Structure formats: C-alpha cells, structure tokens
file run-v4.tsv (TSV, N, CA and C atoms)
chain	number	residue	atom	x	y	z
A	1	MET	N	17.12	-5.14	-7.56
A	1	MET	CA	16.81	-3.74	-7.35
A	1	MET	C	15.33	-3.50	-7.66
A	2	ASN	N	14.67	-2.72	-6.83
A	2	ASN	CA	13.26	-2.40	-7.04
A	2	ASN	C	13.12	-1.28	-8.05
A	3	THR	N	12.08	-1.36	-8.90
A	3	THR	CA	11.80	-0.33	-9.88
A	3	THR	C	10.56	0.41	-9.43
A	4	VAL	N	10.67	1.72	-9.29
A	4	VAL	CA	9.56	2.52	-8.77
A	4	VAL	C	9.06	3.47	-9.84
A	5	ASN	N	7.73	3.60	-9.95
A	5	ASN	CA	7.17	4.66	-10.77
A	5	ASN	C	6.16	5.41	-9.93
A	6	LYS	N	5.41	6.34	-10.49
A	6	LYS	CA	4.52	7.19	-9.71
A	6	LYS	C	3.38	6.43	-9.07
A	7	LYS	N	2.94	5.32	-9.63
A	7	LYS	CA	1.76	4.64	-9.13
A	7	LYS	C	2.04	3.35	-8.38
A	8	CYS	N	3.19	2.74	-8.57
A	8	CYS	CA	3.37	1.43	-7.97
A	8	CYS	C	4.85	1.11	-7.78
A	9	ILE	N	5.07	0.06	-7.03
A	9	ILE	CA	6.42	-0.47	-6.88
A	9	ILE	C	6.39	-1.94	-7.30
A	10	PHE	N	7.34	-2.33	-8.12
A	10	PHE	CA	7.43	-3.70	-8.58
A	10	PHE	C	8.51	-4.38	-7.77
A	11	LEU	N	8.15	-5.48	-7.14
A	11	LEU	CA	9.08	-6.20	-6.30
A	11	LEU	C	9.52	-7.48	-6.99
A	12	PRO	N	10.81	-7.79	-6.98
A	12	PRO	CA	11.26	-9.03	-7.60
A	12	PRO	C	10.54	-10.23	-7.00
A	13	ASP	N	10.28	-11.21	-7.81
A	13	ASP	CA	9.49	-12.38	-7.43
A	13	ASP	C	10.33	-13.45	-6.74
A	14	ALA	N	11.04	-13.12	-5.72
A	14	ALA	CA	11.76	-14.06	-4.84
A	14	ALA	C	12.36	-15.26	-5.57
A	15	GLY	N	12.90	-15.02	-6.74
A	15	GLY	CA	13.60	-16.08	-7.45
A	15	GLY	C	12.73	-17.11	-8.14
A	16	GLN	N	11.44	-16.90	-8.21
A	16	GLN	CA	10.55	-17.87	-8.83
A	16	GLN	C	10.57	-17.76	-10.36
A	17	GLY	N	11.17	-16.69	-10.89
A	17	GLY	CA	11.30	-16.56	-12.33
A	17	GLY	C	10.00	-16.23	-13.04
A	18	ARG	N	9.01	-15.71	-12.33
A	18	ARG	CA	7.73	-15.43	-12.98
A	18	ARG	C	7.48	-13.94	-13.18
A	19	GLY	N	8.48	-13.10	-12.99
A	19	GLY	CA	8.25	-11.68	-13.20
A	19	GLY	C	8.20	-10.90	-11.91
A	20	TYR	N	7.30	-9.93	-11.85
A	20	TYR	CA	7.24	-9.01	-10.73
A	20	TYR	C	5.85	-8.98	-10.13
A	21	LYS	N	5.77	-8.57	-8.86
A	21	LYS	CA	4.51	-8.44	-8.14
A	21	LYS	C	4.29	-6.97	-7.83
A	22	LEU	N	3.04	-6.61	-7.65
A	22	LEU	CA	2.70	-5.23	-7.35
A	22	LEU	C	1.95	-5.15	-6.04
A	23	ILE	N	2.44	-4.32	-5.16
A	23	ILE	CA	1.74	-4.00	-3.92
A	23	ILE	C	1.24	-2.57	-4.08
A	24	ASP	N	-0.05	-2.38	-3.87
A	24	ASP	CA	-0.67	-1.08	-4.13
A	24	ASP	C	-1.40	-0.61	-2.87
A	25	TYR	N	-1.14	0.61	-2.44
A	25	TYR	CA	-1.76	1.17	-1.24
A	25	TYR	C	-2.95	2.07	-1.56
A	26	ARG	N	-3.48	2.01	-2.75
A	26	ARG	CA	-4.66	2.82	-3.09
A	26	ARG	C	-5.83	2.58	-2.13
A	27	PRO	N	-6.07	1.34	-1.68
A	27	PRO	CA	-7.17	1.15	-0.72
A	27	PRO	C	-6.98	1.97	0.56
A	28	PHE	N	-5.74	2.20	0.98
A	28	PHE	CA	-5.50	3.03	2.16
A	28	PHE	C	-6.07	4.42	1.96
A	29	TRP	N	-5.81	5.01	0.81
A	29	TRP	CA	-6.27	6.38	0.54
A	29	TRP	C	-7.79	6.44	0.49
A	30	ASP	N	-8.42	5.41	-0.06
A	30	ASP	CA	-9.89	5.35	-0.07
A	30	ASP	C	-10.43	5.24	1.35
A	31	THR	N	-9.79	4.39	2.17
A	31	THR	CA	-10.20	4.22	3.56
A	31	THR	C	-10.01	5.52	4.33
A	32	LEU	N	-8.91	6.20	4.10
A	32	LEU	CA	-8.64	7.47	4.77
A	32	LEU	C	-9.72	8.50	4.42
A	33	LYS	N	-10.07	8.60	3.15
A	33	LYS	CA	-11.09	9.56	2.72
A	33	LYS	C	-12.45	9.30	3.37
A	34	GLN	N	-12.77	8.02	3.57
A	34	GLN	CA	-14.06	7.65	4.16
A	34	GLN	C	-14.07	7.80	5.68
A	35	SER	N	-12.91	8.00	6.27
A	35	SER	CA	-12.82	8.12	7.72
A	35	SER	C	-12.84	9.59	8.13
A	36	GLU	N	-12.81	9.81	9.44
A	36	GLU	CA	-12.73	11.17	9.96
A	36	GLU	C	-11.27	11.60	10.15
A	37	GLU	N	-10.34	10.72	9.80
A	37	GLU	CA	-8.92	10.99	9.98
A	37	GLU	C	-8.34	11.70	8.75
A	38	THR	N	-7.20	12.33	8.97
A	38	THR	CA	-6.43	12.95	7.89
A	38	THR	C	-4.98	12.52	8.07
A	39	THR	N	-4.13	12.83	7.11
A	39	THR	CA	-2.72	12.52	7.31
A	39	THR	C	-2.18	13.30	8.51
A	40	TYR	N	-2.72	14.49	8.74
A	40	TYR	CA	-2.30	15.29	9.90
A	40	TYR	C	-2.64	14.57	11.20
A	41	THR	N	-3.85	14.05	11.32
A	41	THR	CA	-4.22	13.37	12.56
A	41	THR	C	-3.46	12.04	12.72
A	42	LEU	N	-3.16	11.39	11.60
A	42	LEU	CA	-2.36	10.17	11.70
A	42	LEU	C	-0.99	10.47	12.30
A	43	ILE	N	-0.42	11.60	11.87
A	43	ILE	CA	0.91	11.98	12.36
A	43	ILE	C	0.85	12.48	13.80
A	44	THR	N	-0.10	13.36	14.10
A	44	THR	CA	-0.12	13.98	15.43
A	44	THR	C	-0.79	13.12	16.50
A	45	ARG	N	-1.93	12.53	16.20
A	45	ARG	CA	-2.67	11.76	17.20
A	45	ARG	C	-2.13	10.34	17.35
A	46	TYR	N	-1.81	9.70	16.22
A	46	TYR	CA	-1.41	8.29	16.25
A	46	TYR	C	0.09	8.08	16.10
A	47	LYS	N	0.84	9.16	15.95
A	47	LYS	CA	2.30	9.10	15.86
A	47	LYS	C	2.80	8.27	14.68
A	48	ILE	N	2.03	8.29	13.59
A	48	ILE	CA	2.50	7.68	12.33
A	48	ILE	C	3.52	8.64	11.75
A	49	SER	N	4.67	8.15	11.38
A	49	SER	CA	5.72	9.05	10.91
A	49	SER	C	5.41	9.60	9.52
A	50	GLY	N	5.96	10.75	9.25
A	50	GLY	CA	5.84	11.34	7.92
A	50	GLY	C	6.46	10.43	6.87
A	51	ALA	N	7.50	9.71	7.25
A	51	ALA	CA	8.14	8.77	6.33
A	51	ALA	C	7.18	7.64	5.94
A	52	THR	N	6.36	7.18	6.89
A	52	THR	CA	5.37	6.14	6.59
A	52	THR	C	4.32	6.67	5.63
A	53	ILE	N	3.85	7.89	5.85
A	53	ILE	CA	2.88	8.51	4.94
A	53	ILE	C	3.48	8.61	3.55
A	54	ASP	N	4.76	8.98	3.48
A	54	ASP	CA	5.45	9.08	2.20
A	54	ASP	C	5.53	7.71	1.51
A	55	LYS	N	5.81	6.66	2.29
A	55	LYS	CA	5.85	5.30	1.72
A	55	LYS	C	4.48	4.92	1.15
A	56	LEU	N	3.43	5.28	1.85
A	56	LEU	CA	2.08	4.99	1.34
A	56	LEU	C	1.81	5.75	0.05
A	57	ARG	N	2.23	7.00	0.00
A	57	ARG	CA	2.03	7.81	-1.22
A	57	ARG	C	2.77	7.23	-2.41
A	58	LYS	N	3.97	6.71	-2.14
A	58	LYS	CA	4.84	6.24	-3.23
A	58	LYS	C	4.80	4.73	-3.41
A	59	ASN	N	3.88	4.05	-2.72
A	59	ASN	CA	3.76	2.59	-2.81
A	59	ASN	C	5.08	1.88	-2.54
A	60	LYS	N	5.78	2.35	-1.53
A	60	LYS	CA	7.04	1.71	-1.14
A	60	LYS	C	6.76	0.63	-0.11
A	61	PRO	N	7.63	-0.36	-0.01
A	61	PRO	CA	7.42	-1.44	0.95
A	61	PRO	C	7.42	-0.95	2.39
A	62	MET	N	6.62	-1.60	3.22
A	62	MET	CA	6.63	-1.33	4.66
A	62	MET	C	6.37	-2.62	5.40
A	63	ASN	N	6.68	-2.62	6.67
A	63	ASN	CA	6.57	-3.87	7.42
A	63	ASN	C	5.14	-4.14	7.86
A	64	THR	N	4.91	-5.38	8.23
A	64	THR	CA	3.55	-5.79	8.60
A	64	THR	C	3.11	-5.19	9.93
A	65	THR	N	4.03	-4.81	10.79
A	65	THR	CA	3.67	-4.15	12.04
A	65	THR	C	2.99	-2.81	11.75
A	66	THR	N	3.51	-2.08	10.79
A	66	THR	CA	2.91	-0.80	10.39
A	66	THR	C	1.53	-1.03	9.79
A	67	LEU	N	1.41	-2.02	8.93
A	67	LEU	CA	0.10	-2.32	8.32
A	67	LEU	C	-0.90	-2.73	9.39
A	68	ASP	N	-0.45	-3.52	10.37
A	68	ASP	CA	-1.30	-3.92	11.48
A	68	ASP	C	-1.77	-2.69	12.26
A	69	GLY	N	-0.88	-1.76	12.51
A	69	GLY	CA	-1.23	-0.54	13.22
A	69	GLY	C	-2.27	0.29	12.47
A	70	LEU	N	-2.12	0.38	11.16
A	70	LEU	CA	-3.09	1.13	10.35
A	70	LEU	C	-4.46	0.44	10.39
A	71	CYS	N	-4.47	-0.88	10.32
A	71	CYS	CA	-5.74	-1.61	10.43
A	71	CYS	C	-6.39	-1.34	11.78
A	72	GLY	N	-5.59	-1.24	12.84
A	72	GLY	CA	-6.12	-0.95	14.16
A	72	GLY	C	-6.70	0.45	14.25
A	73	ILE	N	-6.03	1.42	13.66
A	73	ILE	CA	-6.52	2.80	13.67
A	73	ILE	C	-7.87	2.90	12.97
A	74	PHE	N	-7.97	2.27	11.79
A	74	PHE	CA	-9.19	2.37	10.99
A	74	PHE	C	-10.21	1.28	11.32
A	75	LYS	N	-9.81	0.35	12.19
A	75	LYS	CA	-10.69	-0.78	12.54
A	75	LYS	C	-11.19	-1.46	11.25
A	76	CYS	N	-10.23	-1.88	10.45
A	76	CYS	CA	-10.56	-2.45	9.14
A	76	CYS	C	-9.66	-3.65	8.88
A	77	GLY	N	-9.89	-4.30	7.76
A	77	GLY	CA	-9.07	-5.42	7.35
A	77	GLY	C	-7.91	-4.98	6.48
A	78	LEU	N	-6.95	-5.85	6.30
A	78	LEU	CA	-5.77	-5.54	5.49
A	78	LEU	C	-6.16	-5.13	4.07
A	79	GLN	N	-7.23	-5.74	3.54
A	79	GLN	CA	-7.67	-5.41	2.18
A	79	GLN	C	-8.15	-3.96	2.06
A	80	ASP	N	-8.40	-3.30	3.19
A	80	ASP	CA	-8.79	-1.89	3.17
A	80	ASP	C	-7.58	-0.96	3.21
A	81	ILE	N	-6.39	-1.54	3.30
A	81	ILE	CA	-5.15	-0.77	3.36
A	81	ILE	C	-4.27	-1.05	2.13
A	82	VAL	N	-4.21	-2.30	1.74
A	82	VAL	CA	-3.28	-2.70	0.68
A	82	VAL	C	-3.95	-3.72	-0.23
A	83	ARG	N	-3.52	-3.74	-1.47
A	83	ARG	CA	-3.99	-4.79	-2.38
A	83	ARG	C	-2.80	-5.33	-3.15
A	84	TYR	N	-2.91	-6.57	-3.48
A	84	TYR	CA	-1.88	-7.26	-4.26
A	84	TYR	C	-2.38	-7.40	-5.68
A	85	VAL	N	-1.57	-6.99	-6.62
A	85	VAL	CA	-1.92	-7.11	-8.03
A	85	VAL	C	-0.89	-8.03	-8.67
A	86	PRO	N	-1.33	-9.22	-9.10
A	86	PRO	CA	-0.37	-10.16	-9.70
A	86	PRO	C	0.24	-9.60	-10.98
A	87	ASP	N	1.41	-10.10	-11.29
A	87	ASP	CA	2.08	-9.77	-12.54
A	87	ASP	C	1.19	-10.16	-13.70
A	88	ARG	N	1.09	-9.31	-14.67
A	88	ARG	CA	0.23	-9.58	-15.85
A	88	ARG	C	0.68	-10.78	-16.65
A	89	GLY	N	1.95	-11.11	-16.59
A	89	GLY	CA	2.46	-12.21	-17.38
A	89	GLY	C	2.46	-13.54	-16.65
A	90	GLU	N	1.97	-13.58	-15.44
A	90	GLU	CA	1.97	-14.79	-14.65
A	90	GLU	C	0.96	-15.78	-15.19
A	91	PRO	N	1.30	-17.03	-15.35
A	91	PRO	CA	0.36	-18.03	-15.85
A	91	PRO	C	-0.90	-18.10	-14.99
A	92	GLY	N	-2.05	-18.20	-15.65
A	92	GLY	CA	-3.31	-18.33	-14.95
A	92	GLY	C	-3.91	-17.01	-14.52
A	93	GLN	N	-3.26	-15.90	-14.82
A	93	GLN	CA	-3.77	-14.59	-14.42
A	93	GLN	C	-4.33	-13.87	-15.64
A	94	GLU	N	-5.42	-13.15	-15.43
A	94	GLU	CA	-6.00	-12.36	-16.52
A	94	GLU	C	-5.10	-11.18	-16.84
A	95	LYS	N	-5.09	-10.81	-18.09
A	95	LYS	CA	-4.42	-9.58	-18.48
A	95	LYS	C	-5.29	-8.42	-18.08
A	96	ARG	N	-4.66	-7.37	-17.56
A	96	ARG	CA	-5.41	-6.20	-17.11
A	96	ARG	C	-5.16	-5.02	-18.01
call {"tool": "encode", "arguments": {"input": "run-v4.tsv", "output": "structure tokens"}}
result
Amino acid sequence: MNTVNKKCIFLPDAGQGRGYKLIDYRPFWDTLKQSEETTYTLITRYKISGATIDKLRKNKPMNTTTLDGLCGIFKCGLQDIVRYVPDRGEPGQEKR
C-alpha cells in the first residue's frame, strides 16, 4: 500500500528490501511557473485532465505517456517535470 502525505508519495521498493523511493513533481511546478502556460491552458488547450493536474499536485504516480506529453508541451527534459529522491536509509546515499 502506498503512503501519501502533503509533499510526496512513497512507493514500495519492488521487493528489494531497501525501504521506499520518492517521486517528486516539484520540478513540474517550477517549469510551469517559468512558462507562459497555466493549469487552465494545460486543461483547455492541451486537454490535460484535471485528474492529471491533481496527481501532480499530490505527487501521485502517473504513467510515462503522460510525462512524455508534458515534456512535449514544455519542450523540456524529464528532469524538468519529475525528480527521484532516493530513500534516506539506502546504502551509499547521503542523509538529507
């Protein structure tokens, strides 16, 4: 079961026993602010669903087709939409 809080979603680590991973959509919001687009134009002009905007707000999982579409709209790389934050307890990772 996924555990959700206001800032992130923790996804189980596919049975590797190393804890949880974090997918964070904060870069999307930064990219959106720097663009001429708004959530309104994403919904009306590009037909991005309100549910997708909600997933971005709540850091919920989404498919790679959606992420690809967002990269196409903003003409940017995936790192401008999403970032991966390793589990703090994972060996070889710095504590944050």
call {"tool": "residues_around", "arguments": {"input": "run-v4.tsv", "residues": "Leu56 of chain A", "least_positions_apart": "3", "cutoff": "8 Å", "atoms": "all atoms listed in the file", "output": "list in words"}}
result
Asp24, Tyr25, Arg26, Phe28, Trp29, Gly50, Ala51, Thr52, Ile53, Asn59, Lys60, Pro61 and Met62 of chain A
call {"tool": "select_by_dssp", "arguments": {"input": "run-v4.tsv", "residues": "segment 14-88 of chain A", "states": "strand (DSSP E)", "output": "ChimeraX atom specification"}}
result
/A:20-24,83-85
call {"tool": "write_last_selection", "arguments": {"input": "run-v4.tsv", "atoms": "N, CA and C atoms", "output": "PDB file, keeping the file's coordinate frame"}}
result
ATOM      1  N   TYR A  20       7.300  -9.930 -11.850  1.00  0.00           N
ATOM      2  CA  TYR A  20       7.240  -9.010 -10.730  1.00  0.00           C
ATOM      3  C   TYR A  20       5.850  -8.980 -10.130  1.00  0.00           C
ATOM      4  N   LYS A  21       5.770  -8.570  -8.860  1.00  0.00           N
ATOM      5  CA  LYS A  21       4.510  -8.440  -8.140  1.00  0.00           C
ATOM      6  C   LYS A  21       4.290  -6.970  -7.830  1.00  0.00           C
ATOM      7  N   LEU A  22       3.040  -6.610  -7.650  1.00  0.00           N
ATOM      8  CA  LEU A  22       2.700  -5.230  -7.350  1.00  0.00           C
ATOM      9  C   LEU A  22       1.950  -5.150  -6.040  1.00  0.00           C
ATOM     10  N   ILE A  23       2.440  -4.320  -5.160  1.00  0.00           N
ATOM     11  CA  ILE A  23       1.740  -4.000  -3.920  1.00  0.00           C
ATOM     12  C   ILE A  23       1.240  -2.570  -4.080  1.00  0.00           C
ATOM     13  N   ASP A  24      -0.050  -2.380  -3.870  1.00  0.00           N
ATOM     14  CA  ASP A  24      -0.670  -1.080  -4.130  1.00  0.00           C
ATOM     15  C   ASP A  24      -1.400  -0.610  -2.870  1.00  0.00           C
ATOM     16  N   ARG A  83      -3.520  -3.740  -1.470  1.00  0.00           N
ATOM     17  CA  ARG A  83      -3.990  -4.790  -2.380  1.00  0.00           C
ATOM     18  C   ARG A  83      -2.800  -5.330  -3.150  1.00  0.00           C
ATOM     19  N   TYR A  84      -2.910  -6.570  -3.480  1.00  0.00           N
ATOM     20  CA  TYR A  84      -1.880  -7.260  -4.260  1.00  0.00           C
ATOM     21  C   TYR A  84      -2.380  -7.400  -5.680  1.00  0.00           C
ATOM     22  N   VAL A  85      -1.570  -6.990  -6.620  1.00  0.00           N
ATOM     23  CA  VAL A  85      -1.920  -7.110  -8.030  1.00  0.00           C
ATOM     24  C   VAL A  85      -0.890  -8.030  -8.670  1.00  0.00           C
TER      25      VAL A  85
END
call {"tool": "residues_around", "arguments": {"input": "run-v4.tsv", "residues": "segment 80-86 of chain A", "least_positions_apart": "6", "cutoff": "8 Å", "atoms": "only N, CA and C atoms", "output": "PyMOL selection string"}}
result
chain A and resi 20-32+67+70-71+93
call {"tool": "atom_distance", "arguments": {"input": "run-v4.tsv", "atom1": "atom N of Leu42 of chain A", "atom2": "atom N of Ile73 of chain A"}}
result
10.6 Å
